[in-house]
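K.L.:
Sharing target.cif below, mmCIF, N, CA and C atoms and all ligand atoms:
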```
data_protein
loop_
_atom_site.label_atom_id
_atom_site.label_comp_id
_atom_site.auth_asym_id
_atom_site.auth_seq_id
_atom_site.Cartn_x
_atom_site.Cartn_y
_atom_site.Cartn_z
N MET P 624 -24.08 6.98 2.16
CA MET P 624 -22.64 6.71 2.06
C MET P 624 -22.33 6.06 0.72
N ILE P 625 -21.32 6.60 0.06
CA ILE P 625 -20.93 6.01 -1.22
C ILE P 625 -19.42 5.79 -1.21
N TYR P 626 -19.00 4.83 -1.98
CA TYR P 626 -17.59 4.42 -1.97
C TYR P 626 -16.97 4.70 -3.34
N ILE P 627 -15.82 5.31 -3.31
CA ILE P 627 -15.13 5.63 -4.56
C ILE P 627 -13.74 4.98 -4.54
N THR P 628 -13.37 4.41 -5.65
CA THR P 628 -12.11 3.67 -5.72
C THR P 628 -11.21 4.18 -6.82
N ARG P 629 -9.95 4.28 -6.49
CA ARG P 629 -8.93 4.63 -7.48
C ARG P 629 -7.92 3.48 -7.54
N LYS P 630 -7.64 3.05 -8.74
CA LYS P 630 -6.67 1.97 -8.92
C LYS P 630 -5.38 2.52 -9.49
N GLU P 631 -4.26 2.14 -8.89
CA GLU P 631 -2.96 2.59 -9.37
C GLU P 631 -2.06 1.37 -9.52
N HIS P 632 -0.89 1.63 -10.06
CA HIS P 632 0.02 0.54 -10.36
C HIS P 632 1.46 0.98 -10.10
N PHE P 633 2.26 0.06 -9.59
CA PHE P 633 3.69 0.37 -9.50
C PHE P 633 4.50 -0.92 -9.58
N ASN P 634 5.76 -0.75 -9.90
CA ASN P 634 6.69 -1.87 -9.95
C ASN P 634 7.74 -1.67 -8.88
N ALA P 635 8.10 -2.74 -8.21
CA ALA P 635 9.13 -2.60 -7.19
C ALA P 635 9.84 -3.94 -6.96
N ALA P 636 11.05 -3.83 -6.45
CA ALA P 636 11.82 -5.01 -6.07
C ALA P 636 11.78 -5.16 -4.55
N HIS P 637 11.96 -6.36 -4.10
CA HIS P 637 12.10 -6.59 -2.66
C HIS P 637 12.60 -8.00 -2.41
N LYS P 638 12.80 -8.31 -1.16
CA LYS P 638 12.93 -9.70 -0.74
C LYS P 638 12.30 -9.79 0.64
N LEU P 639 11.83 -10.98 0.95
CA LEU P 639 11.28 -11.21 2.28
C LEU P 639 12.38 -11.82 3.12
N TYR P 640 12.80 -11.06 4.10
CA TYR P 640 13.94 -11.52 4.90
C TYR P 640 13.90 -10.85 6.26
N ASN P 641 13.96 -11.66 7.29
CA ASN P 641 14.03 -11.13 8.65
C ASN P 641 15.44 -11.41 9.17
N SER P 642 16.18 -10.35 9.39
CA SER P 642 17.60 -10.52 9.76
C SER P 642 17.77 -11.12 11.15
N ASN P 643 16.68 -11.21 11.91
CA ASN P 643 16.76 -11.88 13.22
C ASN P 643 16.76 -13.40 13.08
N PHE P 644 16.39 -13.87 11.87
CA PHE P 644 16.34 -15.31 11.63
C PHE P 644 17.56 -15.74 10.83
N SER P 645 17.86 -17.04 10.91
CA SER P 645 18.96 -17.59 10.12
C SER P 645 18.56 -17.64 8.64
N TYR P 646 19.56 -17.84 7.81
CA TYR P 646 19.29 -18.01 6.37
C TYR P 646 18.31 -19.15 6.15
N GLU P 647 18.53 -20.27 6.86
CA GLU P 647 17.68 -21.45 6.69
C GLU P 647 16.24 -21.17 7.11
N LYS P 648 16.11 -20.44 8.23
CA LYS P 648 14.77 -20.13 8.73
C LYS P 648 14.03 -19.20 7.75
N ASN P 649 14.76 -18.24 7.19
CA ASN P 649 14.15 -17.35 6.20
C ASN P 649 13.70 -18.14 4.97
N LEU P 650 14.54 -19.05 4.55
CA LEU P 650 14.22 -19.86 3.38
C LEU P 650 12.98 -20.71 3.65
N GLU P 651 12.93 -21.25 4.86
CA GLU P 651 11.78 -22.09 5.24
C GLU P 651 10.50 -21.25 5.28
N LEU P 652 10.59 -20.04 5.83
CA LEU P 652 9.42 -19.17 5.98
C LEU P 652 8.95 -18.58 4.65
N TYR P 653 9.89 -18.05 3.91
CA TYR P 653 9.54 -17.22 2.74
C TYR P 653 9.84 -17.87 1.40
N GLY P 654 10.46 -19.04 1.42
CA GLY P 654 10.75 -19.74 0.17
C GLY P 654 11.61 -18.90 -0.75
N THR P 655 11.29 -18.96 -2.05
CA THR P 655 12.12 -18.24 -3.02
C THR P 655 12.03 -16.73 -2.85
N CYS P 656 11.02 -16.25 -2.15
CA CYS P 656 10.90 -14.80 -1.90
C CYS P 656 12.02 -14.29 -1.01
N SER P 657 12.76 -15.21 -0.37
CA SER P 657 13.87 -14.76 0.47
C SER P 657 15.17 -14.65 -0.33
N ASN P 658 15.12 -14.97 -1.62
CA ASN P 658 16.32 -14.90 -2.47
C ASN P 658 17.09 -13.61 -2.24
N GLU P 659 18.37 -13.74 -1.86
CA GLU P 659 19.09 -12.55 -1.41
C GLU P 659 19.33 -11.53 -2.52
N ASN P 660 19.25 -11.95 -3.77
CA ASN P 660 19.48 -11.00 -4.87
C ASN P 660 18.19 -10.37 -5.42
N TRP P 661 17.16 -10.38 -4.58
CA TRP P 661 15.92 -9.64 -4.87
C TRP P 661 15.08 -10.29 -5.97
N HIS P 662 13.84 -9.82 -6.04
CA HIS P 662 12.94 -10.15 -7.15
C HIS P 662 11.92 -9.02 -7.23
N GLY P 663 11.16 -8.99 -8.31
CA GLY P 663 10.25 -7.86 -8.51
C GLY P 663 8.81 -8.28 -8.61
N HIS P 664 7.93 -7.30 -8.40
CA HIS P 664 6.49 -7.51 -8.59
C HIS P 664 5.89 -6.32 -9.34
N ASN P 665 4.81 -6.61 -10.06
CA ASN P 665 3.98 -5.56 -10.63
C ASN P 665 2.78 -5.41 -9.70
N TYR P 666 2.84 -4.42 -8.85
CA TYR P 666 1.80 -4.27 -7.83
C TYR P 666 0.61 -3.47 -8.37
N ASP P 667 -0.57 -3.87 -7.98
CA ASP P 667 -1.76 -3.04 -8.17
C ASP P 667 -2.22 -2.54 -6.81
N LEU P 668 -2.45 -1.26 -6.73
CA LEU P 668 -2.86 -0.62 -5.47
C LEU P 668 -4.26 -0.05 -5.67
N ILE P 669 -5.19 -0.48 -4.84
CA ILE P 669 -6.59 -0.10 -5.01
C ILE P 669 -7.07 0.57 -3.72
N VAL P 670 -7.36 1.84 -3.84
CA VAL P 670 -7.70 2.63 -2.66
C VAL P 670 -9.17 3.05 -2.73
N THR P 671 -9.91 2.72 -1.68
CA THR P 671 -11.33 3.07 -1.63
C THR P 671 -11.59 4.04 -0.47
N VAL P 672 -12.25 5.14 -0.79
CA VAL P 672 -12.66 6.10 0.24
C VAL P 672 -14.19 6.14 0.28
N LYS P 673 -14.71 6.62 1.41
CA LYS P 673 -16.17 6.67 1.55
C LYS P 673 -16.61 8.04 2.06
N GLY P 674 -17.82 8.42 1.69
CA GLY P 674 -18.35 9.70 2.14
C GLY P 674 -19.77 9.88 1.65
N ASN P 675 -20.34 11.00 1.99
CA ASN P 675 -21.69 11.32 1.53
C ASN P 675 -21.60 12.38 0.44
N ILE P 676 -22.38 12.20 -0.58
CA ILE P 676 -22.32 13.09 -1.74
C ILE P 676 -22.80 14.49 -1.37
N ASN P 677 -22.03 15.48 -1.76
CA ASN P 677 -22.44 16.87 -1.63
C ASN P 677 -23.48 17.16 -2.72
N SER P 678 -24.65 17.64 -2.31
CA SER P 678 -25.74 17.78 -3.29
C SER P 678 -25.43 18.84 -4.36
N GLU P 679 -24.56 19.77 -4.03
CA GLU P 679 -24.23 20.80 -5.02
C GLU P 679 -23.20 20.33 -6.05
N THR P 680 -22.20 19.58 -5.55
CA THR P 680 -21.13 19.16 -6.47
C THR P 680 -21.39 17.79 -7.08
N GLY P 681 -22.25 17.00 -6.43
CA GLY P 681 -22.52 15.65 -6.94
C GLY P 681 -21.40 14.68 -6.63
N MET P 682 -20.49 15.08 -5.74
CA MET P 682 -19.40 14.17 -5.37
C MET P 682 -18.97 14.49 -3.94
N PHE P 683 -18.05 13.68 -3.39
CA PHE P 683 -17.55 14.03 -2.06
C PHE P 683 -16.04 14.20 -2.03
N ILE P 684 -15.37 13.66 -3.02
CA ILE P 684 -13.95 13.98 -3.20
C ILE P 684 -13.69 13.93 -4.69
N ASN P 685 -12.88 14.86 -5.12
CA ASN P 685 -12.51 14.86 -6.52
C ASN P 685 -11.53 13.70 -6.76
N LEU P 686 -11.83 12.85 -7.72
CA LEU P 686 -10.94 11.70 -7.96
C LEU P 686 -9.53 12.13 -8.34
N LYS P 687 -9.43 13.31 -8.92
CA LYS P 687 -8.09 13.85 -9.24
C LYS P 687 -7.32 14.12 -7.95
N THR P 688 -8.01 14.63 -6.95
CA THR P 688 -7.38 14.90 -5.66
C THR P 688 -6.87 13.59 -5.06
N LEU P 689 -7.72 12.57 -5.08
CA LEU P 689 -7.34 11.27 -4.52
C LEU P 689 -6.16 10.69 -5.29
N SER P 690 -6.24 10.75 -6.59
CA SER P 690 -5.17 10.23 -7.43
C SER P 690 -3.85 10.97 -7.16
N ASP P 691 -3.93 12.28 -7.02
CA ASP P 691 -2.72 13.07 -6.73
C ASP P 691 -2.10 12.69 -5.39
N PHE P 692 -2.95 12.46 -4.39
CA PHE P 692 -2.46 12.04 -3.07
C PHE P 692 -1.69 10.73 -3.19
N ILE P 693 -2.30 9.78 -3.88
CA ILE P 693 -1.67 8.46 -3.98
C ILE P 693 -0.35 8.57 -4.73
N LYS P 694 -0.36 9.35 -5.80
CA LYS P 694 0.88 9.50 -6.58
C LYS P 694 1.98 10.14 -5.75
N LEU P 695 1.63 11.23 -5.08
CA LEU P 695 2.63 12.00 -4.33
C LEU P 695 3.13 11.27 -3.08
N GLU P 696 2.19 10.69 -2.36
CA GLU P 696 2.54 10.12 -1.05
C GLU P 696 3.04 8.68 -1.13
N ILE P 697 2.60 7.95 -2.16
CA ILE P 697 2.96 6.53 -2.24
C ILE P 697 3.80 6.23 -3.49
N LEU P 698 3.21 6.47 -4.65
CA LEU P 698 3.85 5.97 -5.88
C LEU P 698 5.23 6.57 -6.11
N GLU P 699 5.37 7.85 -5.85
CA GLU P 699 6.69 8.47 -6.07
C GLU P 699 7.75 7.89 -5.13
N LYS P 700 7.30 7.30 -4.04
CA LYS P 700 8.25 6.75 -3.07
C LYS P 700 8.57 5.27 -3.30
N VAL P 701 7.67 4.58 -4.02
CA VAL P 701 7.90 3.13 -4.17
C VAL P 701 8.08 2.66 -5.61
N ASP P 702 7.60 3.43 -6.58
CA ASP P 702 7.64 2.94 -7.96
C ASP P 702 9.08 2.85 -8.47
N HIS P 703 9.40 1.70 -9.03
CA HIS P 703 10.76 1.42 -9.53
C HIS P 703 11.82 1.53 -8.43
N LYS P 704 11.41 1.21 -7.21
CA LYS P 704 12.34 1.26 -6.08
C LYS P 704 12.53 -0.15 -5.51
N ASN P 705 13.49 -0.24 -4.63
CA ASN P 705 13.67 -1.46 -3.84
C ASN P 705 13.01 -1.20 -2.48
N LEU P 706 11.95 -1.94 -2.19
CA LEU P 706 11.17 -1.67 -0.98
C LEU P 706 12.00 -1.84 0.29
N ASN P 707 12.98 -2.73 0.26
CA ASN P 707 13.81 -2.95 1.45
C ASN P 707 14.84 -1.85 1.66
N LEU P 708 15.32 -1.26 0.55
CA LEU P 708 16.46 -0.34 0.66
C LEU P 708 16.12 1.12 0.45
N ASP P 709 15.11 1.40 -0.36
CA ASP P 709 14.90 2.78 -0.84
C ASP P 709 13.75 3.53 -0.17
N VAL P 710 12.98 2.85 0.65
CA VAL P 710 11.73 3.45 1.11
C VAL P 710 11.78 3.68 2.63
N PRO P 711 11.97 4.93 3.05
CA PRO P 711 12.15 5.20 4.49
C PRO P 711 11.04 4.63 5.37
N PHE P 712 9.79 4.71 4.92
CA PHE P 712 8.71 4.25 5.81
C PHE P 712 8.62 2.73 5.92
N LEU P 713 9.43 2.02 5.14
CA LEU P 713 9.46 0.56 5.27
C LEU P 713 10.76 0.08 5.93
N GLU P 714 11.57 1.01 6.33
CA GLU P 714 12.87 0.66 6.91
C GLU P 714 12.68 -0.24 8.13
N GLY P 715 13.42 -1.34 8.15
CA GLY P 715 13.38 -2.24 9.29
C GLY P 715 12.19 -3.18 9.29
N LYS P 716 11.34 -3.10 8.26
CA LYS P 716 10.17 -3.98 8.21
C LYS P 716 10.39 -5.08 7.18
N VAL P 717 9.82 -6.24 7.46
CA VAL P 717 9.78 -7.29 6.46
C VAL P 717 8.74 -6.85 5.43
N THR P 718 9.14 -6.78 4.17
CA THR P 718 8.27 -6.15 3.17
C THR P 718 7.23 -7.12 2.61
N THR P 719 6.51 -7.77 3.52
CA THR P 719 5.35 -8.56 3.09
C THR P 719 4.28 -7.60 2.59
N THR P 720 3.39 -8.11 1.77
CA THR P 720 2.29 -7.27 1.28
C THR P 720 1.48 -6.74 2.47
N GLU P 721 1.35 -7.56 3.51
CA GLU P 721 0.61 -7.15 4.71
C GLU P 721 1.25 -5.91 5.35
N ASN P 722 2.56 -5.98 5.58
CA ASN P 722 3.24 -4.85 6.21
C ASN P 722 3.21 -3.61 5.31
N VAL P 723 3.37 -3.82 4.03
CA VAL P 723 3.39 -2.67 3.11
C VAL P 723 2.03 -1.97 3.09
N VAL P 724 0.97 -2.74 3.04
CA VAL P 724 -0.36 -2.11 2.95
C VAL P 724 -0.68 -1.32 4.24
N ILE P 725 -0.23 -1.82 5.37
CA ILE P 725 -0.48 -1.11 6.64
C ILE P 725 0.25 0.23 6.64
N GLU P 726 1.47 0.27 6.13
CA GLU P 726 2.20 1.54 6.05
C GLU P 726 1.54 2.50 5.06
N PHE P 727 1.06 1.97 3.96
CA PHE P 727 0.33 2.82 3.00
C PHE P 727 -0.91 3.42 3.67
N TRP P 728 -1.60 2.60 4.44
CA TRP P 728 -2.80 3.07 5.13
C TRP P 728 -2.46 4.25 6.04
N LYS P 729 -1.42 4.09 6.85
CA LYS P 729 -1.06 5.15 7.80
C LYS P 729 -0.83 6.47 7.06
N ILE P 730 -0.15 6.40 5.94
CA ILE P 730 0.18 7.61 5.19
C ILE P 730 -1.07 8.25 4.58
N LEU P 731 -1.87 7.44 3.90
CA LEU P 731 -3.05 7.99 3.22
C LEU P 731 -4.12 8.44 4.20
N ASP P 732 -4.27 7.70 5.29
CA ASP P 732 -5.27 8.07 6.30
C ASP P 732 -4.91 9.44 6.90
N LYS P 733 -3.65 9.62 7.21
CA LYS P 733 -3.19 10.90 7.77
C LYS P 733 -3.44 12.03 6.77
N LYS P 734 -3.11 11.78 5.53
CA LYS P 734 -3.27 12.81 4.49
C LYS P 734 -4.75 13.18 4.32
N LEU P 735 -5.61 12.18 4.29
CA LEU P 735 -7.04 12.46 4.11
C LEU P 735 -7.61 13.21 5.32
N ARG P 736 -7.10 12.89 6.51
CA ARG P 736 -7.58 13.62 7.70
C ARG P 736 -7.18 15.07 7.64
N LEU P 737 -6.04 15.34 7.03
CA LEU P 737 -5.58 16.73 6.90
C LEU P 737 -6.46 17.54 5.95
N LEU P 738 -7.23 16.83 5.15
CA LEU P 738 -8.18 17.52 4.27
C LEU P 738 -9.22 18.27 5.08
N ASN P 739 -9.31 17.87 6.37
CA ASN P 739 -10.26 18.52 7.27
C ASN P 739 -11.69 18.31 6.82
N ASP P 740 -11.91 17.19 6.18
CA ASP P 740 -13.25 16.91 5.69
C ASP P 740 -13.71 15.58 6.29
N VAL P 741 -14.51 15.67 7.35
CA VAL P 741 -14.94 14.45 8.04
C VAL P 741 -15.81 13.59 7.13
N ASN P 742 -16.19 14.18 6.02
CA ASN P 742 -17.06 13.49 5.10
C ASN P 742 -16.30 12.57 4.13
N CYS P 743 -14.98 12.55 4.23
CA CYS P 743 -14.22 11.67 3.36
C CYS P 743 -13.25 10.85 4.20
N GLN P 744 -13.51 9.55 4.27
CA GLN P 744 -12.67 8.68 5.08
C GLN P 744 -12.10 7.54 4.24
N LEU P 745 -10.91 7.14 4.62
CA LEU P 745 -10.32 5.97 3.97
C LEU P 745 -11.13 4.74 4.39
N HIS P 746 -11.50 3.92 3.44
CA HIS P 746 -12.30 2.74 3.74
C HIS P 746 -11.48 1.46 3.63
N CYS P 747 -10.74 1.32 2.55
CA CYS P 747 -10.05 0.05 2.30
C CYS P 747 -8.88 0.26 1.35
N ILE P 748 -7.81 -0.44 1.61
CA ILE P 748 -6.71 -0.49 0.64
C ILE P 748 -6.46 -1.95 0.30
N LYS P 749 -6.45 -2.22 -0.99
CA LYS P 749 -6.09 -3.55 -1.47
C LYS P 749 -4.76 -3.43 -2.19
N LEU P 750 -3.91 -4.40 -1.95
CA LEU P 750 -2.61 -4.40 -2.63
C LEU P 750 -2.40 -5.79 -3.24
N TYR P 751 -2.35 -5.79 -4.57
CA TYR P 751 -2.08 -7.04 -5.30
C TYR P 751 -0.59 -7.15 -5.55
N GLU P 752 -0.01 -8.22 -5.03
CA GLU P 752 1.41 -8.46 -5.29
C GLU P 752 1.56 -9.24 -6.60
N THR P 753 0.61 -10.10 -6.84
CA THR P 753 0.49 -10.80 -8.12
C THR P 753 -1.00 -10.82 -8.44
N PRO P 754 -1.36 -11.17 -9.67
CA PRO P 754 -2.80 -11.22 -9.98
C PRO P 754 -3.57 -12.17 -9.05
N ARG P 755 -2.88 -13.13 -8.45
CA ARG P 755 -3.57 -14.12 -7.62
C ARG P 755 -3.43 -13.88 -6.13
N ASN P 756 -2.47 -13.05 -5.74
CA ASN P 756 -2.24 -12.83 -4.31
C ASN P 756 -2.42 -11.36 -3.95
N PHE P 757 -3.35 -11.10 -3.05
CA PHE P 757 -3.53 -9.72 -2.61
C PHE P 757 -3.97 -9.70 -1.16
N VAL P 758 -3.73 -8.54 -0.53
CA VAL P 758 -4.24 -8.34 0.83
C VAL P 758 -5.17 -7.14 0.81
N GLU P 759 -6.07 -7.11 1.77
CA GLU P 759 -6.93 -5.94 1.92
C GLU P 759 -6.91 -5.51 3.38
N TYR P 760 -6.96 -4.21 3.58
CA TYR P 760 -6.84 -3.66 4.93
C TYR P 760 -7.88 -2.57 5.12
N TYR P 761 -8.53 -2.62 6.27
CA TYR P 761 -9.60 -1.66 6.58
C TYR P 761 -9.23 -0.80 7.78
N GLY P 762 -7.95 -0.77 8.12
CA GLY P 762 -7.52 -0.04 9.31
C GLY P 762 -7.68 -0.92 10.54
N GLU P 763 -7.21 -0.40 11.67
CA GLU P 763 -7.33 -1.15 12.93
C GLU P 763 -8.79 -1.28 13.29
N LYS P 764 -9.19 -2.49 13.65
CA LYS P 764 -10.58 -2.69 14.09
C LYS P 764 -10.59 -3.13 15.54
NI NI Q 1 7.92 -11.05 -3.41
#
```
For this file, produce the structure as structure tokens.
P.N.:
Amino acid sequence: MIYITRKEHFNAAHKLYNSNFSYEKNLELYGTCSNENWHGHNYDLIVTVKGNINSETGMFINLKTLSDFIKLEILEKVDHKNLNLDVPFLEGKVTTTENVVIEFWKILDKKLRLLNDVNCQLHCIKLYETPRNFVEYYGEK
């Protein structure tokens, strides 16, 4: 088993706000991230897949294929967008890095399964909201 990683980048605006809570409660929970006039992040998205190397090709997934998936399924939908307003798969969700990475997982996992190649599985997605804050997700365990 070998692990291959592709790193991508996008910029997006959002705010952390749960409309079921009062303004004060949101401020207490999310601090300045609840600012109603939005703020932005430079996100780094790091996607790792795993598989066994095909002895003829010397690889198990073409990195171009993986990169194209990420661009088409994720980046085109979130880059330079407002995560709260512009992204259908995040509709109604609090756009914490945790929630965002789980939605990214669902999309990429489904796409990779459609490859019909049991030899290539999603292993981990890391999402950096800032250079110091990131989450990592390995799917439901
Ligand atoms: Ni934020």
K.L.:
Find the distance between atom CA of P:Arg629 and atom NI of ligand NI 1 (chain Q) and write it in Å to one decimal.
P.N.:
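It comes out at 23.4 Å.
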K.L.:
If you measure from atom CA of P:Leu689 to atom CA of P:Thr671, what distance in Å do you get, rounded to one decimal?
P.N.:
9.6 Å
K.L.:
Quick one: residues within 8 Å of ligand NI 1 (chain Q), with all atoms listed in the file, as a PyMOL selection string?
P.N.:
chain P and resi 636-639+655-657+661-664+718-720+752
K.L.:
Ranking P:Phe692, P:Tyr761, P:Trp728, P:Tyr666 by minimum distance to P:Asn634 and counting all atoms listed in the file, which one comes first?
P.N.:
P:Tyr666
K.L.:
Could you find all residues in chain P that DSSP calls helix (DSSP H, G or I) from the backbone, and write them as a PyMOL selection string?
P.N.:
chain P and resi 646-657+686-701+711-713+720-737
K.L.:
Given the choices P:Phe633, P:Tyr640, P:Tyr653, P:Tyr646, which gets closest to P:Tyr751 if the distance is worked out from only C-alpha atoms?
P.N.:
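Answer, going by the shortest atom-to-atom distance: P:Phe633.
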K.L.:
Between atom C of P:Thr688 and atom CA of P:Pro754, what is the spacing in Å?
P.N.:
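Answer for the atom CA of P:Pro754 to atom C of P:Thr688 separation: 25.6 Å.
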K.L.:
Write down as a compact mmCIF listing (two decimals) with N, CA and C atoms, in the frame of the given file the residues belonging to stretch 645-728 of chain P that are assigned strand (DSSP E) by DSSP computed on the backbone.
P.N.:
```txt
# COMPACT_ATOMS: atom_id res chain seq x y z
N HIS P 662 13.84 -9.82 -6.04
CA HIS P 662 12.94 -10.15 -7.15
C HIS P 662 11.92 -9.02 -7.23
N GLY P 663 11.16 -8.99 -8.31
CA GLY P 663 10.25 -7.86 -8.51
C GLY P 663 8.81 -8.28 -8.61
N HIS P 664 7.93 -7.30 -8.40
CA HIS P 664 6.49 -7.51 -8.59
C HIS P 664 5.89 -6.32 -9.34
N ASN P 665 4.81 -6.61 -10.06
CA ASN P 665 3.98 -5.56 -10.63
C ASN P 665 2.78 -5.41 -9.70
N TYR P 666 2.84 -4.42 -8.85
CA TYR P 666 1.80 -4.27 -7.83
C TYR P 666 0.61 -3.47 -8.37
N ASP P 667 -0.57 -3.87 -7.98
CA ASP P 667 -1.76 -3.04 -8.17
C ASP P 667 -2.22 -2.54 -6.81
N LEU P 668 -2.45 -1.26 -6.73
CA LEU P 668 -2.86 -0.62 -5.47
C LEU P 668 -4.26 -0.05 -5.67
N ILE P 669 -5.19 -0.48 -4.84
CA ILE P 669 -6.59 -0.10 -5.01
C ILE P 669 -7.07 0.57 -3.72
N VAL P 670 -7.36 1.84 -3.84
CA VAL P 670 -7.70 2.63 -2.66
C VAL P 670 -9.17 3.05 -2.73
N THR P 671 -9.91 2.72 -1.68
CA THR P 671 -11.33 3.07 -1.63
C THR P 671 -11.59 4.04 -0.47
N VAL P 672 -12.25 5.14 -0.79
CA VAL P 672 -12.66 6.10 0.24
C VAL P 672 -14.19 6.14 0.28
N LYS P 673 -14.71 6.62 1.41
CA LYS P 673 -16.17 6.67 1.55
C LYS P 673 -16.61 8.04 2.06
N GLY P 674 -17.82 8.42 1.69
CA GLY P 674 -18.35 9.70 2.14
C GLY P 674 -19.77 9.88 1.65
N LYS P 704 11.41 1.21 -7.21
CA LYS P 704 12.34 1.26 -6.08
C LYS P 704 12.53 -0.15 -5.51
N ASN P 705 13.49 -0.24 -4.63
CA ASN P 705 13.67 -1.46 -3.84
C ASN P 705 13.01 -1.20 -2.48
```
K.L.:
Go through P:Ile748, P:Ile669, P:Glu763, P:Cys743 and flag the residue nearest P:Ile684, using only C-alpha atoms for the distances.
P.N.:
P:Cys743
K.L.:
Considering all atoms listed in the file, return as a PyMOL selection string whatever protein or nucleic-acid residues lie within 8 Å of P:Thr628, sequence-local ones (same chain, fewer than 3 positions apart) excluded.
P.N.:
chain P and resi 625+631+669-673+686
K.L.:
Write the residues of the preceding selection, restricted to N, CA and C atoms, as an mmCIF file, in the coordinates of the input.
P.N.:
```cif
data_model
loop_
_atom_site.group_PDB
_atom_site.id
_atom_site.type_symbol
_atom_site.label_atom_id
_atom_site.label_comp_id
_atom_site.auth_asym_id
_atom_site.auth_seq_id
_atom_site.Cartn_x
_atom_site.Cartn_y
_atom_site.Cartn_z
ATOM 1 N N ILE P 625 -21.320 6.600 0.060
ATOM 2 C CA ILE P 625 -20.930 6.010 -1.220
ATOM 3 C C ILE P 625 -19.420 5.790 -1.210
ATOM 4 N N GLU P 631 -4.260 2.140 -8.890
ATOM 5 C CA GLU P 631 -2.960 2.590 -9.370
ATOM 6 C C GLU P 631 -2.060 1.370 -9.520
ATOM 7 N N ILE P 669 -5.190 -0.480 -4.840
ATOM 8 C CA ILE P 669 -6.590 -0.100 -5.010
ATOM 9 C C ILE P 669 -7.070 0.570 -3.720
ATOM 10 N N VAL P 670 -7.360 1.840 -3.840
ATOM 11 C CA VAL P 670 -7.700 2.630 -2.660
ATOM 12 C C VAL P 670 -9.170 3.050 -2.730
ATOM 13 N N THR P 671 -9.910 2.720 -1.680
ATOM 14 C CA THR P 671 -11.330 3.070 -1.630
ATOM 15 C C THR P 671 -11.590 4.040 -0.470
ATOM 16 N N VAL P 672 -12.250 5.140 -0.790
ATOM 17 C CA VAL P 672 -12.660 6.100 0.240
ATOM 18 C C VAL P 672 -14.190 6.140 0.280
ATOM 19 N N LYS P 673 -14.710 6.620 1.410
ATOM 20 C CA LYS P 673 -16.170 6.670 1.550
ATOM 21 C C LYS P 673 -16.610 8.040 2.060
ATOM 22 N N LEU P 686 -11.830 12.850 -7.720
ATOM 23 C CA LEU P 686 -10.940 11.700 -7.960
ATOM 24 C C LEU P 686 -9.530 12.130 -8.340
#
```
K.L.:
Rank nothing, just name the residue among P:Leu650, P:Met624, P:Ile697, P:Leu713 nearest to P:Leu731, using only N, CA and C atoms.
P.N.:
P:Ile697
K.L.:
Would you please work out which residue, of P:Ile730, P:Ile725, P:Gly681, P:His746, is nearest to P:Tyr626 when using all atoms listed in the file?
P.N.:
P:His746
K.L.:
Hey, which of P:Met682, P:Lys729, P:Val717, P:Asn675 ends up closest to P:Val741? Count all atoms listed in the file.
P.N.:
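The closest residue to P:Val741 is P:Asn675.
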